[in-house]
file my_file-v3.txt (compact mmCIF, N, CA and C atoms)
# COMPACT_ATOMS: atom_id res chain seq x y z
N MET P 48 -29.84 54.50 58.39
CA MET P 48 -30.80 55.29 57.67
C MET P 48 -30.41 55.27 56.20
N HIS P 49 -31.42 55.13 55.37
CA HIS P 49 -31.20 55.20 53.92
C HIS P 49 -32.00 56.38 53.41
N TYR P 50 -31.34 57.29 52.71
CA TYR P 50 -32.02 58.47 52.18
C TYR P 50 -31.82 58.55 50.68
N THR P 51 -32.92 58.80 49.96
CA THR P 51 -32.87 59.01 48.52
C THR P 51 -33.41 60.40 48.21
N LEU P 52 -32.62 61.15 47.49
CA LEU P 52 -33.00 62.49 47.04
C LEU P 52 -33.00 62.44 45.52
N ASP P 53 -34.01 62.99 44.89
CA ASP P 53 -34.09 62.93 43.44
C ASP P 53 -34.66 64.23 42.90
N TYR P 54 -33.78 65.15 42.58
CA TYR P 54 -34.16 66.44 42.01
C TYR P 54 -33.80 66.46 40.53
N GLN P 55 -34.36 67.42 39.84
CA GLN P 55 -33.95 67.63 38.46
C GLN P 55 -32.53 68.16 38.46
N ALA P 56 -31.89 68.15 37.29
CA ALA P 56 -30.54 68.71 37.15
C ALA P 56 -30.59 70.17 37.58
N PRO P 57 -29.58 70.66 38.19
CA PRO P 57 -28.23 70.11 38.27
C PRO P 57 -27.96 69.22 39.49
N ILE P 58 -28.90 69.07 40.42
CA ILE P 58 -28.64 68.25 41.61
C ILE P 58 -28.70 66.77 41.26
N GLY P 59 -29.79 66.34 40.67
CA GLY P 59 -29.91 64.95 40.28
C GLY P 59 -30.28 64.03 41.43
N ARG P 60 -29.95 62.76 41.26
CA ARG P 60 -30.30 61.73 42.25
C ARG P 60 -29.11 61.45 43.15
N GLN P 61 -29.36 61.38 44.45
CA GLN P 61 -28.34 61.04 45.42
C GLN P 61 -28.93 60.06 46.42
N GLU P 62 -28.15 59.05 46.78
CA GLU P 62 -28.56 58.10 47.80
C GLU P 62 -27.44 57.99 48.82
N VAL P 63 -27.83 57.99 50.09
CA VAL P 63 -26.85 57.89 51.17
C VAL P 63 -27.33 56.85 52.17
N GLU P 64 -26.42 56.03 52.61
CA GLU P 64 -26.65 55.07 53.68
C GLU P 64 -25.83 55.55 54.86
N PHE P 65 -26.47 55.75 56.00
CA PHE P 65 -25.75 56.28 57.17
C PHE P 65 -26.19 55.53 58.42
N GLY P 66 -25.22 55.06 59.17
CA GLY P 66 -25.49 54.41 60.45
C GLY P 66 -25.00 55.32 61.57
N LEU P 67 -25.90 55.72 62.42
CA LEU P 67 -25.55 56.60 63.53
C LEU P 67 -24.96 55.75 64.65
N SER P 68 -23.67 55.48 64.53
CA SER P 68 -23.02 54.57 65.48
C SER P 68 -22.33 55.29 66.62
N ASP P 69 -21.78 56.47 66.35
CA ASP P 69 -21.09 57.22 67.40
C ASP P 69 -21.01 58.69 67.01
N VAL P 70 -20.64 59.51 67.96
CA VAL P 70 -20.61 60.96 67.77
C VAL P 70 -19.60 61.35 66.70
N GLU P 71 -18.43 60.73 66.69
CA GLU P 71 -17.41 61.09 65.70
C GLU P 71 -17.87 60.82 64.28
N THR P 72 -18.56 59.70 64.06
CA THR P 72 -19.08 59.41 62.73
C THR P 72 -20.10 60.46 62.31
N PHE P 73 -20.97 60.84 63.22
CA PHE P 73 -21.94 61.90 62.94
C PHE P 73 -21.23 63.20 62.59
N ARG P 74 -20.26 63.60 63.40
CA ARG P 74 -19.52 64.85 63.15
C ARG P 74 -18.80 64.84 61.82
N ARG P 75 -18.26 63.71 61.45
CA ARG P 75 -17.47 63.61 60.23
C ARG P 75 -18.33 63.48 58.97
N GLU P 76 -19.41 62.69 59.03
CA GLU P 76 -20.14 62.33 57.82
C GLU P 76 -21.44 63.07 57.56
N VAL P 77 -22.04 63.66 58.61
CA VAL P 77 -23.34 64.29 58.42
C VAL P 77 -23.38 65.75 58.87
N ALA P 78 -22.82 66.04 60.04
CA ALA P 78 -22.92 67.39 60.60
C ALA P 78 -22.41 68.50 59.67
N PRO P 79 -21.36 68.29 58.88
CA PRO P 79 -20.88 69.38 58.02
C PRO P 79 -21.78 69.68 56.80
N ALA P 80 -22.76 68.84 56.54
CA ALA P 80 -23.61 69.01 55.35
C ALA P 80 -24.51 70.22 55.52
N ARG P 81 -24.41 71.16 54.59
CA ARG P 81 -25.14 72.42 54.67
C ARG P 81 -26.51 72.34 54.02
N THR P 82 -27.40 73.19 54.49
CA THR P 82 -28.70 73.32 53.86
C THR P 82 -28.51 73.89 52.46
N PHE P 83 -29.52 73.77 51.63
CA PHE P 83 -29.39 74.29 50.27
C PHE P 83 -30.67 74.96 49.83
N GLY P 84 -30.51 75.85 48.88
CA GLY P 84 -31.65 76.56 48.32
C GLY P 84 -31.37 76.90 46.87
N PHE P 85 -32.37 77.41 46.21
CA PHE P 85 -32.28 77.69 44.78
C PHE P 85 -32.32 79.19 44.52
N VAL P 86 -31.47 79.66 43.62
CA VAL P 86 -31.36 81.08 43.29
C VAL P 86 -32.73 81.66 42.98
N GLN P 87 -33.54 80.96 42.21
CA GLN P 87 -34.83 81.49 41.78
C GLN P 87 -35.84 81.60 42.93
N GLU P 88 -35.55 81.02 44.09
CA GLU P 88 -36.48 81.07 45.23
C GLU P 88 -36.09 82.09 46.30
N ILE P 89 -34.93 82.70 46.17
CA ILE P 89 -34.42 83.58 47.23
C ILE P 89 -35.38 84.73 47.53
N GLU P 90 -35.80 85.44 46.52
CA GLU P 90 -36.68 86.59 46.75
C GLU P 90 -37.98 86.19 47.44
N GLN P 91 -38.60 85.12 46.99
CA GLN P 91 -39.84 84.66 47.59
C GLN P 91 -39.63 84.25 49.05
N LEU P 92 -38.55 83.54 49.34
CA LEU P 92 -38.26 83.14 50.71
C LEU P 92 -38.06 84.35 51.62
N GLU P 93 -37.36 85.35 51.11
CA GLU P 93 -37.14 86.56 51.91
C GLU P 93 -38.45 87.29 52.17
N GLN P 94 -39.33 87.34 51.18
CA GLN P 94 -40.63 87.99 51.35
C GLN P 94 -41.49 87.26 52.38
N MET P 95 -41.30 85.97 52.51
CA MET P 95 -42.04 85.17 53.48
C MET P 95 -41.40 85.20 54.86
N GLY P 96 -40.27 85.90 54.99
CA GLY P 96 -39.57 85.96 56.27
C GLY P 96 -38.73 84.74 56.56
N LEU P 97 -38.46 83.94 55.55
CA LEU P 97 -37.66 82.73 55.71
C LEU P 97 -36.25 82.97 55.21
N ALA P 98 -35.37 82.08 55.51
CA ALA P 98 -33.97 82.14 55.07
C ALA P 98 -33.25 83.35 55.64
N ALA P 99 -33.71 83.86 56.75
CA ALA P 99 -33.10 85.05 57.35
C ALA P 99 -31.67 84.79 57.80
N GLY P 100 -31.37 83.57 58.22
CA GLY P 100 -30.02 83.26 58.68
C GLY P 100 -29.11 82.74 57.58
N GLY P 101 -29.64 82.60 56.39
CA GLY P 101 -28.85 82.06 55.29
C GLY P 101 -27.81 83.04 54.79
N ARG P 102 -26.60 82.60 54.71
CA ARG P 102 -25.50 83.39 54.17
C ARG P 102 -24.78 82.51 53.15
N LEU P 103 -24.06 83.14 52.26
CA LEU P 103 -23.38 82.38 51.22
C LEU P 103 -22.33 81.43 51.78
N ASN P 104 -21.87 81.66 53.01
CA ASN P 104 -20.85 80.77 53.57
C ASN P 104 -21.43 79.63 54.40
N ASN P 105 -22.77 79.62 54.65
CA ASN P 105 -23.33 78.53 55.46
C ASN P 105 -24.44 77.77 54.76
N CYS P 106 -24.57 77.97 53.46
CA CYS P 106 -25.55 77.21 52.70
C CYS P 106 -25.02 76.97 51.29
N ILE P 107 -25.69 76.09 50.59
CA ILE P 107 -25.35 75.82 49.19
C ILE P 107 -26.43 76.50 48.35
N LEU P 108 -26.02 77.34 47.46
CA LEU P 108 -26.95 78.04 46.58
C LEU P 108 -26.84 77.43 45.19
N VAL P 109 -27.98 76.97 44.67
CA VAL P 109 -28.00 76.25 43.40
C VAL P 109 -28.70 77.08 42.34
N GLY P 110 -28.01 77.25 41.21
CA GLY P 110 -28.58 77.92 40.05
C GLY P 110 -28.84 76.91 38.95
N GLU P 111 -29.21 77.39 37.79
CA GLU P 111 -29.53 76.50 36.66
C GLU P 111 -28.34 75.64 36.24
N GLU P 112 -27.14 76.16 36.42
CA GLU P 112 -25.94 75.44 35.98
C GLU P 112 -25.26 74.64 37.10
N GLY P 113 -25.74 74.78 38.33
CA GLY P 113 -25.13 74.05 39.44
C GLY P 113 -24.92 74.95 40.63
N VAL P 114 -24.01 74.53 41.51
CA VAL P 114 -23.71 75.28 42.74
C VAL P 114 -23.01 76.58 42.34
N VAL P 115 -23.50 77.70 42.89
CA VAL P 115 -22.97 79.00 42.46
C VAL P 115 -22.07 79.68 43.50
N ASN P 116 -22.03 79.19 44.74
CA ASN P 116 -21.30 79.94 45.74
C ASN P 116 -20.12 79.23 46.40
N ALA P 117 -20.04 77.94 46.37
CA ALA P 117 -18.95 77.26 47.07
C ALA P 117 -18.84 75.82 46.59
N PRO P 118 -17.67 75.22 46.72
CA PRO P 118 -17.57 73.80 46.38
C PRO P 118 -18.31 72.96 47.42
N LEU P 119 -18.80 71.82 46.98
CA LEU P 119 -19.48 70.90 47.88
C LEU P 119 -18.48 70.26 48.83
N ARG P 120 -18.91 69.98 50.05
CA ARG P 120 -18.07 69.30 51.03
C ARG P 120 -18.06 67.80 50.81
N PHE P 121 -19.14 67.28 50.21
CA PHE P 121 -19.29 65.87 49.86
C PHE P 121 -19.96 65.81 48.50
N PRO P 122 -19.68 64.81 47.69
CA PRO P 122 -20.38 64.69 46.40
C PRO P 122 -21.90 64.55 46.58
N ASP P 123 -22.32 63.98 47.71
CA ASP P 123 -23.75 63.77 47.99
C ASP P 123 -24.21 64.65 49.17
N GLU P 124 -23.69 65.87 49.24
CA GLU P 124 -23.98 66.76 50.37
C GLU P 124 -25.46 67.09 50.51
N PHE P 125 -26.18 67.18 49.40
CA PHE P 125 -27.61 67.50 49.47
C PHE P 125 -28.36 66.41 50.26
N ALA P 126 -28.10 65.15 49.93
CA ALA P 126 -28.76 64.05 50.63
C ALA P 126 -28.27 63.94 52.08
N ARG P 127 -27.01 64.20 52.31
CA ARG P 127 -26.50 64.15 53.68
C ARG P 127 -27.18 65.21 54.55
N HIS P 128 -27.44 66.38 53.98
CA HIS P 128 -28.13 67.40 54.76
C HIS P 128 -29.55 66.95 55.10
N LYS P 129 -30.21 66.27 54.17
CA LYS P 129 -31.56 65.77 54.47
C LYS P 129 -31.51 64.73 55.59
N ILE P 130 -30.47 63.92 55.63
CA ILE P 130 -30.31 62.98 56.73
C ILE P 130 -30.18 63.74 58.05
N LEU P 131 -29.41 64.81 58.03
CA LEU P 131 -29.27 65.65 59.22
C LEU P 131 -30.63 66.18 59.67
N ASP P 132 -31.45 66.63 58.73
CA ASP P 132 -32.80 67.10 59.06
C ASP P 132 -33.65 66.00 59.71
N VAL P 133 -33.61 64.82 59.13
CA VAL P 133 -34.42 63.70 59.66
C VAL P 133 -33.95 63.33 61.06
N ILE P 134 -32.64 63.25 61.26
CA ILE P 134 -32.10 62.94 62.59
C ILE P 134 -32.58 63.98 63.60
N GLY P 135 -32.54 65.25 63.22
CA GLY P 135 -32.99 66.31 64.10
C GLY P 135 -34.45 66.19 64.46
N ASP P 136 -35.28 65.86 63.49
CA ASP P 136 -36.71 65.73 63.76
C ASP P 136 -37.00 64.53 64.66
N PHE P 137 -36.31 63.43 64.44
CA PHE P 137 -36.52 62.28 65.32
C PHE P 137 -35.95 62.55 66.72
N TYR P 138 -34.93 63.36 66.80
CA TYR P 138 -34.39 63.74 68.12
C TYR P 138 -35.45 64.42 68.97
N LEU P 139 -36.34 65.17 68.32
CA LEU P 139 -37.41 65.87 69.04
C LEU P 139 -38.37 64.92 69.75
N LEU P 140 -38.34 63.65 69.40
CA LEU P 140 -39.17 62.67 70.11
C LEU P 140 -38.75 62.55 71.57
N GLY P 141 -37.49 62.83 71.85
CA GLY P 141 -37.01 62.74 73.22
C GLY P 141 -36.79 61.31 73.69
N ARG P 142 -36.78 60.39 72.76
CA ARG P 142 -36.58 58.97 73.09
C ARG P 142 -35.69 58.36 72.01
N PRO P 143 -34.97 57.32 72.36
CA PRO P 143 -34.14 56.67 71.34
C PRO P 143 -35.01 56.01 70.27
N VAL P 144 -34.53 56.04 69.06
CA VAL P 144 -35.22 55.37 67.96
C VAL P 144 -34.37 54.17 67.57
N ARG P 145 -34.94 53.01 67.69
CA ARG P 145 -34.23 51.78 67.30
C ARG P 145 -34.94 51.20 66.11
N GLY P 146 -34.24 51.16 65.01
CA GLY P 146 -34.83 50.65 63.80
C GLY P 146 -34.14 51.23 62.60
N ARG P 147 -34.70 50.94 61.47
CA ARG P 147 -34.15 51.43 60.20
C ARG P 147 -35.09 52.48 59.65
N VAL P 148 -34.54 53.61 59.26
CA VAL P 148 -35.32 54.69 58.67
C VAL P 148 -34.99 54.74 57.19
N THR P 149 -36.02 54.71 56.37
CA THR P 149 -35.87 54.89 54.94
C THR P 149 -36.69 56.10 54.55
N ALA P 150 -36.04 57.08 53.97
CA ALA P 150 -36.72 58.33 53.62
C ALA P 150 -36.41 58.71 52.19
N ARG P 151 -37.38 59.35 51.57
CA ARG P 151 -37.21 59.77 50.17
C ARG P 151 -37.87 61.12 50.00
N MET P 152 -37.12 62.08 49.53
CA MET P 152 -37.63 63.39 49.15
C MET P 152 -38.46 64.04 50.26
N THR P 153 -37.93 64.06 51.47
CA THR P 153 -38.65 64.68 52.57
C THR P 153 -38.48 66.19 52.53
N GLY P 154 -39.46 66.86 53.07
CA GLY P 154 -39.39 68.30 53.28
C GLY P 154 -39.73 68.52 54.73
N PRO P 155 -39.83 69.78 55.15
CA PRO P 155 -40.09 70.03 56.57
C PRO P 155 -41.31 69.30 57.11
N LEU P 156 -42.46 69.36 56.42
CA LEU P 156 -43.63 68.65 56.92
C LEU P 156 -43.49 67.15 56.75
N GLY P 157 -42.85 66.74 55.68
CA GLY P 157 -42.65 65.31 55.45
C GLY P 157 -41.82 64.67 56.53
N GLN P 158 -40.89 65.42 57.11
CA GLN P 158 -40.06 64.88 58.18
C GLN P 158 -40.82 64.85 59.49
N ARG P 159 -41.60 65.86 59.78
CA ARG P 159 -42.28 65.94 61.06
C ARG P 159 -43.49 65.02 61.16
N ARG P 160 -44.14 64.73 60.09
CA ARG P 160 -45.34 63.90 60.17
C ARG P 160 -45.08 62.52 60.76
N PRO P 161 -44.06 61.80 60.31
CA PRO P 161 -43.83 60.48 60.94
C PRO P 161 -43.51 60.60 62.42
N ALA P 162 -42.72 61.59 62.80
CA ALA P 162 -42.38 61.76 64.21
C ALA P 162 -43.63 62.11 65.01
N ALA P 163 -44.48 62.99 64.49
CA ALA P 163 -45.71 63.38 65.19
C ALA P 163 -46.66 62.19 65.31
N ARG P 164 -46.77 61.39 64.26
CA ARG P 164 -47.63 60.21 64.28
C ARG P 164 -47.14 59.23 65.34
N LEU P 165 -45.82 59.05 65.41
CA LEU P 165 -45.24 58.15 66.40
C LEU P 165 -45.53 58.66 67.81
N LEU P 166 -45.41 59.96 68.03
CA LEU P 166 -45.71 60.52 69.36
C LEU P 166 -47.16 60.26 69.74
N ARG P 167 -48.09 60.42 68.78
CA ARG P 167 -49.52 60.23 69.07
C ARG P 167 -49.84 58.76 69.34
N THR P 168 -49.39 57.88 68.47
CA THR P 168 -49.79 56.48 68.57
C THR P 168 -49.04 55.72 69.66
N ARG P 169 -47.79 56.00 69.85
CA ARG P 169 -46.98 55.22 70.79
C ARG P 169 -46.98 55.80 72.19
N PHE P 170 -47.01 57.15 72.27
CA PHE P 170 -46.84 57.79 73.56
C PHE P 170 -48.04 58.62 73.98
N GLY P 171 -49.11 58.66 73.17
CA GLY P 171 -50.34 59.36 73.55
C GLY P 171 -50.23 60.88 73.58
N VAL P 172 -49.22 61.44 72.90
CA VAL P 172 -49.07 62.89 72.86
C VAL P 172 -50.09 63.45 71.87
N PRO P 173 -50.82 64.51 72.24
CA PRO P 173 -51.82 65.08 71.33
C PRO P 173 -51.22 65.51 70.00
N ALA P 174 -52.06 65.56 68.98
CA ALA P 174 -51.62 65.96 67.64
C ALA P 174 -51.05 67.36 67.67
N LEU P 175 -49.98 67.55 66.91
CA LEU P 175 -49.36 68.85 66.80
C LEU P 175 -50.02 69.63 65.67
N THR P 176 -50.16 70.92 65.80
CA THR P 176 -50.76 71.74 64.75
C THR P 176 -49.93 71.60 63.49
N GLY P 177 -50.57 71.28 62.38
CA GLY P 177 -49.90 71.16 61.10
C GLY P 177 -49.15 69.87 60.90
N ALA P 178 -49.19 68.96 61.85
CA ALA P 178 -48.42 67.71 61.71
C ALA P 178 -49.26 66.59 61.14

call {"tool": "encode", "arguments": {"input": "my_file-v3.txt", "output": "structure tokens"}}
result
Amino acid sequence: MHYTLDYQAPIGRQEVEFGLSDVETFRREVAPARTFGFVQEIEQLEQMGLAAGGRLNNCILVGEEGVVNAPLRFPDEFARHKILDVIGDFYLLGRPVRGRVTARMTGPLGQRRPAARLLRTRFGVPALTGA
């Protein structure tokens, strides 16, 4: 899988190449990557009932000057977390995926749409609401 993330500063551009070859590689290179959010969005997310499980020790909080709560586990941790999201969404297919995945700037709907389209076209599963 090749993932490109391109945010404005302080995150910037990150690219990660990851091959899901075995469980240990996954545990070492992708699983520790934490989700991230922005200081200026916290109040809005809480009002929407989102980020309820977010704590300063299990996410990366980004302010105007950079990460405000903890050191990064990887220099490209933001992109690695997005890879983790994509792997999780493809896992929901319930079937092995053989091929190369190239993703750029995915979000929750951006990740689910390709998986939902694949379910509809390849396996005849009805369209999912919002997919």

call {"tool": "atom_distance", "arguments": {"input": "my_file-v3.txt", "atom1": "atom C of P:Gly110", "atom2": "atom N of P:Met152"}}
result
20.0 Å

call {"tool": "residues_around", "arguments": {"input": "my_file-v3.txt", "residues": "P:Thr51", "least_positions_apart": "3", "cutoff": "12 Å", "atoms": "only C-alpha atoms", "output": "PyMOL selection string"}}
result
chain P and resi 48+54+59-65+123-130+148-153

call {"tool": "residues_around", "arguments": {"input": "my_file-v3.txt", "residues": "stretch 79-86 of chain P", "least_positions_apart": "2", "cutoff": "6 Å", "atoms": "all atoms listed in the file", "output": "ChimeraX atom specification"}}
result
/P:74-77,88-89,105-110,124,127-128

call {"tool": "atom_distance", "arguments": {"input": "my_file-v3.txt", "atom1": "atom CA of P:Ala78", "atom2": "atom CA of P:Pro143"}}
result
18.9 Å

call {"tool": "select_by_dssp", "arguments": {"input": "my_file-v3.txt", "residues": "stretch 65-95 of chain P", "states": "alpha helix (DSSP H)", "output": "JSON, numbers by chain"}}
result
{"P": [70, 71, 72, 73, 74, 75, 76, 89, 90, 91, 92, 93, 94]}

call {"tool": "select_by_dssp", "arguments": {"input": "my_file-v3.txt", "residues": "stretch 48-123 of chain P", "states": "strand (DSSP E)", "output": "ChimeraX atom specification"}}
result
/P:49-53,60-64,82-85,106-110,113-114

call {"tool": "atom_distance", "arguments": {"input": "my_file-v3.txt", "atom1": "atom N of P:Ile58", "atom2": "atom C of P:Val115"}}
result
13.0 Å

call {"tool": "decode", "arguments": {"input": "my_file-v3.txt", "residues": "stretch 113-124 of chain P", "atoms": "all heavy atoms", "output": "PDB file, in the first residue's frame"}}
result
ATOM      1  N   GLY P 113       2.445  22.740  16.021  1.00  0.00           N
ATOM      2  CA  GLY P 113       2.834  21.336  15.924  1.00  0.00           C
ATOM      3  C   GLY P 113       2.102  20.494  16.941  1.00  0.00           C
ATOM      4  O   GLY P 113       1.069  20.887  17.482  1.00  0.00           O
ATOM      5  N   VAL P 114       2.669  19.324  17.230  1.00  0.00           N
ATOM      6  CA  VAL P 114       2.070  18.388  18.187  1.00  0.00           C
ATOM      7  C   VAL P 114       2.166  18.997  19.580  1.00  0.00           C
ATOM      8  O   VAL P 114       3.231  19.446  19.989  1.00  0.00           O
ATOM      9  CB  VAL P 114       2.786  17.018  18.135  1.00  0.00           C
ATOM     10  CG1 VAL P 114       2.254  16.083  19.204  1.00  0.00           C
ATOM     11  CG2 VAL P 114       2.631  16.400  16.755  1.00  0.00           C
ATOM     12  N   VAL P 115       1.037  19.001  20.303  1.00  0.00           N
ATOM     13  CA  VAL P 115       1.017  19.678  21.601  1.00  0.00           C
ATOM     14  C   VAL P 115       0.994  18.732  22.802  1.00  0.00           C
ATOM     15  O   VAL P 115       1.196  19.181  23.924  1.00  0.00           O
ATOM     16  CB  VAL P 115      -0.185  20.649  21.713  1.00  0.00           C
ATOM     17  CG1 VAL P 115      -0.115  21.729  20.662  1.00  0.00           C
ATOM     18  CG2 VAL P 115      -1.510  19.918  21.629  1.00  0.00           C
ATOM     19  N   ASN P 116       0.771  17.437  22.600  1.00  0.00           N
ATOM     20  CA  ASN P 116       0.592  16.587  23.766  1.00  0.00           C
ATOM     21  C   ASN P 116       1.595  15.453  23.941  1.00  0.00           C
ATOM     22  O   ASN P 116       1.694  14.903  25.021  1.00  0.00           O
ATOM     23  CB  ASN P 116      -0.823  15.991  23.776  1.00  0.00           C
ATOM     24  CG  ASN P 116      -1.083  15.084  22.605  1.00  0.00           C
ATOM     25  OD1 ASN P 116      -0.652  15.358  21.496  1.00  0.00           O
ATOM     26  ND2 ASN P 116      -1.798  14.002  22.832  1.00  0.00           N
ATOM     27  N   ALA P 117       2.283  15.030  22.927  1.00  0.00           N
ATOM     28  CA  ALA P 117       3.190  13.893  23.080  1.00  0.00           C
ATOM     29  C   ALA P 117       4.139  13.826  21.895  1.00  0.00           C
ATOM     30  O   ALA P 117       3.809  14.301  20.813  1.00  0.00           O
ATOM     31  CB  ALA P 117       2.386  12.598  23.169  1.00  0.00           C
ATOM     32  N   PRO P 118       5.295  13.204  22.080  1.00  0.00           N
ATOM     33  CA  PRO P 118       6.178  13.014  20.919  1.00  0.00           C
ATOM     34  C   PRO P 118       5.579  11.986  19.965  1.00  0.00           C
ATOM     35  O   PRO P 118       4.840  11.094  20.372  1.00  0.00           O
ATOM     36  CB  PRO P 118       7.478  12.496  21.539  1.00  0.00           C
ATOM     37  CG  PRO P 118       7.097  11.947  22.864  1.00  0.00           C
ATOM     38  CD  PRO P 118       5.876  12.694  23.323  1.00  0.00           C
ATOM     39  N   LEU P 119       5.901  12.133  18.696  1.00  0.00           N
ATOM     40  CA  LEU P 119       5.439  11.177  17.693  1.00  0.00           C
ATOM     41  C   LEU P 119       6.161   9.849  17.868  1.00  0.00           C
ATOM     42  O   LEU P 119       7.334   9.808  18.236  1.00  0.00           O
ATOM     43  CB  LEU P 119       5.685  11.706  16.284  1.00  0.00           C
ATOM     44  CG  LEU P 119       4.887  12.945  15.885  1.00  0.00           C
ATOM     45  CD1 LEU P 119       5.304  13.416  14.495  1.00  0.00           C
ATOM     46  CD2 LEU P 119       3.395  12.673  15.935  1.00  0.00           C
ATOM     47  N   ARG P 120       5.466   8.762  17.571  1.00  0.00           N
ATOM     48  CA  ARG P 120       6.065   7.433  17.626  1.00  0.00           C
ATOM     49  C   ARG P 120       6.864   7.128  16.372  1.00  0.00           C
ATOM     50  O   ARG P 120       7.761   6.291  16.381  1.00  0.00           O
ATOM     51  CB  ARG P 120       4.976   6.382  17.822  1.00  0.00           C
ATOM     52  CG  ARG P 120       4.283   6.528  19.163  1.00  0.00           C
ATOM     53  CD  ARG P 120       3.132   5.572  19.322  1.00  0.00           C
ATOM     54  NE  ARG P 120       2.525   5.747  20.631  1.00  0.00           N
ATOM     55  CZ  ARG P 120       1.360   5.240  20.971  1.00  0.00           C
ATOM     56  NH1 ARG P 120       0.684   4.481  20.116  1.00  0.00           N
ATOM     57  NH2 ARG P 120       0.868   5.461  22.167  1.00  0.00           N
ATOM     58  N   PHE P 121       6.496   7.777  15.261  1.00  0.00           N
ATOM     59  CA  PHE P 121       7.183   7.661  13.974  1.00  0.00           C
ATOM     60  C   PHE P 121       7.213   9.054  13.357  1.00  0.00           C
ATOM     61  O   PHE P 121       6.277   9.824  13.542  1.00  0.00           O
ATOM     62  CB  PHE P 121       6.412   6.743  13.004  1.00  0.00           C
ATOM     63  CG  PHE P 121       6.049   5.402  13.553  1.00  0.00           C
ATOM     64  CD1 PHE P 121       4.788   5.164  14.077  1.00  0.00           C
ATOM     65  CD2 PHE P 121       6.960   4.357  13.529  1.00  0.00           C
ATOM     66  CE1 PHE P 121       4.434   3.917  14.568  1.00  0.00           C
ATOM     67  CE2 PHE P 121       6.617   3.104  14.020  1.00  0.00           C
ATOM     68  CZ  PHE P 121       5.359   2.891  14.543  1.00  0.00           C
ATOM     69  N   PRO P 122       8.225   9.381  12.578  1.00  0.00           N
ATOM     70  CA  PRO P 122       8.237  10.688  11.914  1.00  0.00           C
ATOM     71  C   PRO P 122       7.037  10.871  10.975  1.00  0.00           C
ATOM     72  O   PRO P 122       6.584  11.987  10.755  1.00  0.00           O
ATOM     73  CB  PRO P 122       9.546  10.687  11.116  1.00  0.00           C
ATOM     74  CG  PRO P 122      10.362   9.573  11.660  1.00  0.00           C
ATOM     75  CD  PRO P 122       9.425   8.598  12.301  1.00  0.00           C
ATOM     76  N   ASP P 123       6.524   9.766  10.430  1.00  0.00           N
ATOM     77  CA  ASP P 123       5.387   9.802   9.506  1.00  0.00           C
ATOM     78  C   ASP P 123       4.143   9.146  10.130  1.00  0.00           C
ATOM     79  O   ASP P 123       3.368   8.480   9.457  1.00  0.00           O
ATOM     80  CB  ASP P 123       5.754   9.114   8.197  1.00  0.00           C
ATOM     81  CG  ASP P 123       6.309   7.712   8.404  1.00  0.00           C
ATOM     82  OD1 ASP P 123       6.294   7.192   9.545  1.00  0.00           O
ATOM     83  OD2 ASP P 123       6.758   7.118   7.411  1.00  0.00           O
ATOM     84  N   GLU P 124       3.951   9.352  11.432  1.00  0.00           N
ATOM     85  CA  GLU P 124       2.860   8.689  12.156  1.00  0.00           C
ATOM     86  C   GLU P 124       1.483   9.053  11.617  1.00  0.00           C
ATOM     87  O   GLU P 124       0.574   8.223  11.604  1.00  0.00           O
ATOM     88  CB  GLU P 124       2.923   9.007  13.657  1.00  0.00           C
ATOM     89  CG  GLU P 124       1.905   8.242  14.467  1.00  0.00           C
ATOM     90  CD  GLU P 124       2.107   8.327  15.967  1.00  0.00           C
ATOM     91  OE1 GLU P 124       3.077   8.972  16.424  1.00  0.00           O
ATOM     92  OE2 GLU P 124       1.285   7.737  16.693  1.00  0.00           O
TER      93      GLU P 124
END
